[in-house]
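Let me begin by presenting the structure, written as C-alpha cells, before commenting on it.
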Amino acid sequence: MRVLFFAQLRERLNCDSAELDIELPALVNDVRDALIVQFPDHADLLKDGKALVAINQELVNNEQAIVCSDDEVAFFPPVTGG
Amino acid sequence: MDFIRVQEGDFDITAEYQAMRENNRDDGAIVFFVGQVREMNQGSEVTGLYLEHYPAMTEKSLAGIVRQARQRWPVLNRIRLIHRIGQLHISDQIVFVAVSSSHREAAFEACHFIMDFLKNRAPFWKKETTEQGERWVEALQKDQDALKKW
C-alpha cells in the first residue's frame, strides 16, 4: 500500500509517499507501526499524537480504524492553517 | 448557499461583502473574519510565509466544517469561505470567513466555530521564513483547546 506525506513529515522523510509491504485490511495502528519500521530514525514524528492520519481525505482519530486496499492514506503533522 | 474556495490569489473584501448582500432581504446580520500574516510569530520576525495543503482533501474538509456549522445553527443563510495557499508576505490576507443570518448571534458564533475547526482540522501547513531561516509553524495547544467550547 502507498502512504502520502505532507509538510515537515514529507521533508524529514525526504519523500512525498512510501510503499509499505503490509497485508490489507489493516488497522491505522498497524500502518503506523509499519511506517516506523521503515523510517526508524523518524519514529518521533510518526507516532500517535505527532502524525495525524486521513483515510480517503477524512481525518481519523482512531488507531483502530480500518484501512482497505483501495483507500488513500495520508500521514501529516498537526495542521496550522487559518 | 455555500461558497468555498482554496486559491493562490488574493481576495477582495468589498466584492465578498457585496456577494453576501446581493439580493439578500432575509438576513439582518453579516459577520466576517479575515486572517492575515503577522510580522512577529513565536518570538521571531517573519519575512514570508508559504502555505502547503493536501489538494484532494482541502475543499472536502472545509465543506465538512461548513456542513457541521449548518447542522448546529440551521438558521444560517449564506456562508463564504476562502483560504489562500502558496507564497504569502507580511500583512497578506490568508483566510476569509463570512456568515449571514437573520439575527446576529448565530452568525457570530458560526463564524467563530468555522475558524476554530479550520485551525484544527483543515489540511494546511505554514512554513515561515525568518532571518534565522525557514521553519514549519508548530501547532498550538490553545488552538486545540479552543474546540472544547463547542
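Residues are named by chain letter and number: chains run A, B, ... in the order of the C-alpha cells, numbers start at 1 in each chain, and ligands are numbered from 1 in the order shown.
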What lies within 8 Å of range 58-73 of chain B using only C-alpha atoms, ignoring chain neighbours under 4 positions off, as a CSV table (one decimal) with C-alpha atoms, in the first residue's frame?
```csv
chain,number,residue,atom,x,y,z
A,57,GLN,CA,-9.3,12.6,2.7
A,58,GLU,CA,-11.1,12.3,6.0
B,2,ASP,CA,-22.0,28.0,0.3
B,4,ILE,CA,-15.8,27.6,-0.6
B,5,ARG,CA,-12.6,28.3,-2.4
B,6,VAL,CA,-8.9,27.5,-2.0
B,53,HIS,CA,-2.1,21.9,1.6
B,54,TYR,CA,-3.4,18.5,0.7
B,79,ILE,CA,-21.5,31.2,4.0
B,106,ALA,CA,-25.9,32.6,15.1
B,110,ALA,CA,-20.8,30.1,13.4
B,113,PHE,CA,-16.8,27.9,15.1
B,114,ILE,CA,-15.7,27.7,11.5
B,117,PHE,CA,-12.4,23.9,13.4
B,118,LEU,CA,-10.5,25.1,10.3
B,121,ARG,CA,-8.9,20.1,11.0
B,122,ALA,CA,-8.3,21.6,7.6
B,123,PRO,CA,-5.1,20.2,6.0
B,124,PHE,CA,-3.0,23.4,5.7
```
Discussion item. Select, as a ChimeraX atom specification, those residues of chain B with any atom no more than 7 Å from chain A (distances computed using only C-alpha atoms).
Written reply: /B:35,52,56-57,94-95,118-126,136-137,139
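DSSP annotation of chain A from backbone atoms: helix (DSSP H, G or I) residues are Ala7, Gln8, Leu9, Arg10, Glu11, Arg12, Leu13, Val28, Asn29, Asp30, Val31, Arg32, Asp33, Ala34, Leu35, Ile36, Val37, Gln38, Pro40, Asp41, His42, Ala43, Asp44, Leu45 and Leu46 of chain A.
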Output file for the residues above (C-alpha atoms, as an mmCIF file, in the first residue's frame):
```cif
data_model
loop_
_atom_site.group_PDB
_atom_site.id
_atom_site.type_symbol
_atom_site.label_atom_id
_atom_site.label_comp_id
_atom_site.auth_asym_id
_atom_site.auth_seq_id
_atom_site.Cartn_x
_atom_site.Cartn_y
_atom_site.Cartn_z
ATOM 1 C CA ALA A 7 4.659 19.330 5.146
ATOM 2 C CA GLN A 8 7.555 18.719 7.569
ATOM 3 C CA LEU A 9 6.886 14.981 7.586
ATOM 4 C CA ARG A 10 7.409 14.911 3.802
ATOM 5 C CA GLU A 11 10.585 16.964 4.178
ATOM 6 C CA ARG A 12 12.045 14.941 7.052
ATOM 7 C CA LEU A 13 11.311 11.587 5.372
ATOM 8 C CA VAL A 28 -4.344 2.518 11.314
ATOM 9 C CA ASN A 29 -2.101 1.429 14.182
ATOM 10 C CA ASP A 30 -0.599 -1.367 12.016
ATOM 11 C CA VAL A 31 0.115 1.100 9.215
ATOM 12 C CA ARG A 32 1.750 3.457 11.712
ATOM 13 C CA ASP A 33 3.919 0.627 13.102
ATOM 14 C CA ALA A 34 4.965 -0.399 9.582
ATOM 15 C CA LEU A 35 5.943 3.208 8.809
ATOM 16 C CA ILE A 36 8.041 3.370 11.968
ATOM 17 C CA VAL A 37 9.806 0.139 10.937
ATOM 18 C CA GLN A 38 10.505 1.648 7.513
ATOM 19 C CA PRO A 40 13.109 4.190 12.339
ATOM 20 C CA ASP A 41 15.084 7.434 12.525
ATOM 21 C CA HIS A 42 11.817 9.412 12.375
ATOM 22 C CA ALA A 43 9.718 7.391 14.808
ATOM 23 C CA ASP A 44 9.269 10.541 16.923
ATOM 24 C CA LEU A 45 7.440 12.268 14.034
ATOM 25 C CA LEU A 46 5.318 9.257 13.087
#
```
Fill in: Counting only C-alpha atoms, the residue of B:Arg25, B:Val97, B:Cys111, B:Glu8 that sits nearest Ile82 in chain B
B:Val97
Discussion item. Just the number, please: distance in Å from CA of Ser100 in chain B to CA of Leu76 in chain B, one decimal.
Written reply: 6.1 Å
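Straight-line separation from CA of Asn77 in chain B to CA of Lys148 in chain B: 25.1 Å.
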Discussion item. If you run DSSP on the backbone here, which positions in chain A get strand (DSSP E or B)? Please write them as a list in words.
Written reply: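 Those residues are Arg2, Val3, Leu4, Phe5, Ser17, Ala18, Glu19, Ala26, Leu27, Leu52, Val53, Ala54, Ile55, Glu58, Leu59, Val60, Ile66, Val67, Val73, Ala74, Phe75 and Phe76 of chain A.
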Next, the residues of the selection above should be written as a tab-separated table (two decimals), in the first residue's frame with N, CA and C atoms.
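New file result-v5.tsv:
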```
chain	number	residue	atom	x	y	z
A	2	ARG	N	0.26	2.36	-0.45
A	2	ARG	CA	1.01	3.60	-0.52
A	2	ARG	C	0.49	4.57	0.56
A	3	VAL	N	1.41	5.27	1.19
A	3	VAL	CA	1.04	6.28	2.18
A	3	VAL	C	1.61	7.63	1.73
A	4	LEU	N	0.75	8.66	1.74
A	4	LEU	CA	1.19	10.01	1.34
A	4	LEU	C	1.68	10.79	2.55
A	5	PHE	N	2.64	11.69	2.33
A	5	PHE	CA	3.15	12.54	3.41
A	5	PHE	C	3.05	14.01	3.01
A	17	SER	N	5.74	10.09	-0.62
A	17	SER	CA	4.93	8.90	-0.34
A	17	SER	C	5.87	7.71	-0.13
A	18	ALA	N	5.31	6.63	0.43
A	18	ALA	CA	6.11	5.42	0.63
A	18	ALA	C	5.25	4.21	0.35
A	19	GLU	N	5.87	3.16	-0.16
A	19	GLU	CA	5.19	1.88	-0.37
A	19	GLU	C	5.44	1.01	0.86
A	26	ALA	N	-6.05	-3.54	7.25
A	26	ALA	CA	-5.22	-3.42	8.45
A	26	ALA	C	-5.76	-2.26	9.28
A	27	LEU	N	-5.29	-2.16	10.52
A	27	LEU	CA	-5.68	-1.04	11.38
A	27	LEU	C	-4.72	0.13	11.14
A	52	LEU	N	-0.95	13.03	12.26
A	52	LEU	CA	-2.38	12.80	12.04
A	52	LEU	C	-2.54	11.87	10.84
A	53	VAL	N	-3.71	11.24	10.74
A	53	VAL	CA	-3.96	10.29	9.65
A	53	VAL	C	-5.27	10.65	8.97
A	54	ALA	N	-5.26	10.62	7.64
A	54	ALA	CA	-6.51	10.76	6.88
A	54	ALA	C	-6.68	9.52	6.02
A	55	ILE	N	-7.89	9.00	6.02
A	55	ILE	CA	-8.25	7.90	5.11
A	55	ILE	C	-9.28	8.46	4.14
A	58	GLU	N	-10.37	12.01	4.80
A	58	GLU	CA	-11.11	12.33	6.03
A	58	GLU	C	-10.19	12.04	7.20
A	59	LEU	N	-10.10	13.01	8.14
A	59	LEU	CA	-9.27	12.77	9.32
A	59	LEU	C	-9.86	11.62	10.13
A	60	VAL	N	-8.99	10.75	10.63
A	60	VAL	CA	-9.46	9.69	11.55
A	60	VAL	C	-8.71	9.84	12.86
A	66	ILE	N	-10.11	1.06	10.16
A	66	ILE	CA	-9.64	0.04	9.21
A	66	ILE	C	-9.24	0.66	7.87
A	67	VAL	N	-8.09	0.25	7.40
A	67	VAL	CA	-7.57	0.69	6.10
A	67	VAL	C	-7.75	-0.45	5.11
A	73	VAL	N	-4.41	6.81	1.86
A	73	VAL	CA	-4.00	7.04	3.25
A	73	VAL	C	-2.90	8.10	3.28
A	74	ALA	N	-3.06	9.06	4.18
A	74	ALA	CA	-2.05	10.12	4.31
A	74	ALA	C	-1.68	10.31	5.78
A	75	PHE	N	-0.40	10.56	6.02
A	75	PHE	CA	0.11	10.91	7.35
A	75	PHE	C	0.68	12.32	7.25
A	76	PHE	N	0.37	13.14	8.25
A	76	PHE	CA	0.89	14.51	8.22
A	76	PHE	C	0.92	15.10	9.63
```
Worksheet item: Which of these residues is nearest to Met40 in chain B, using only C-alpha atoms: B:Glu16, B:Asp26, B:Asp116, B:Glu131?
Response: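 The shortest atom-to-atom distance to Met40 in chain B comes from B:Glu131.
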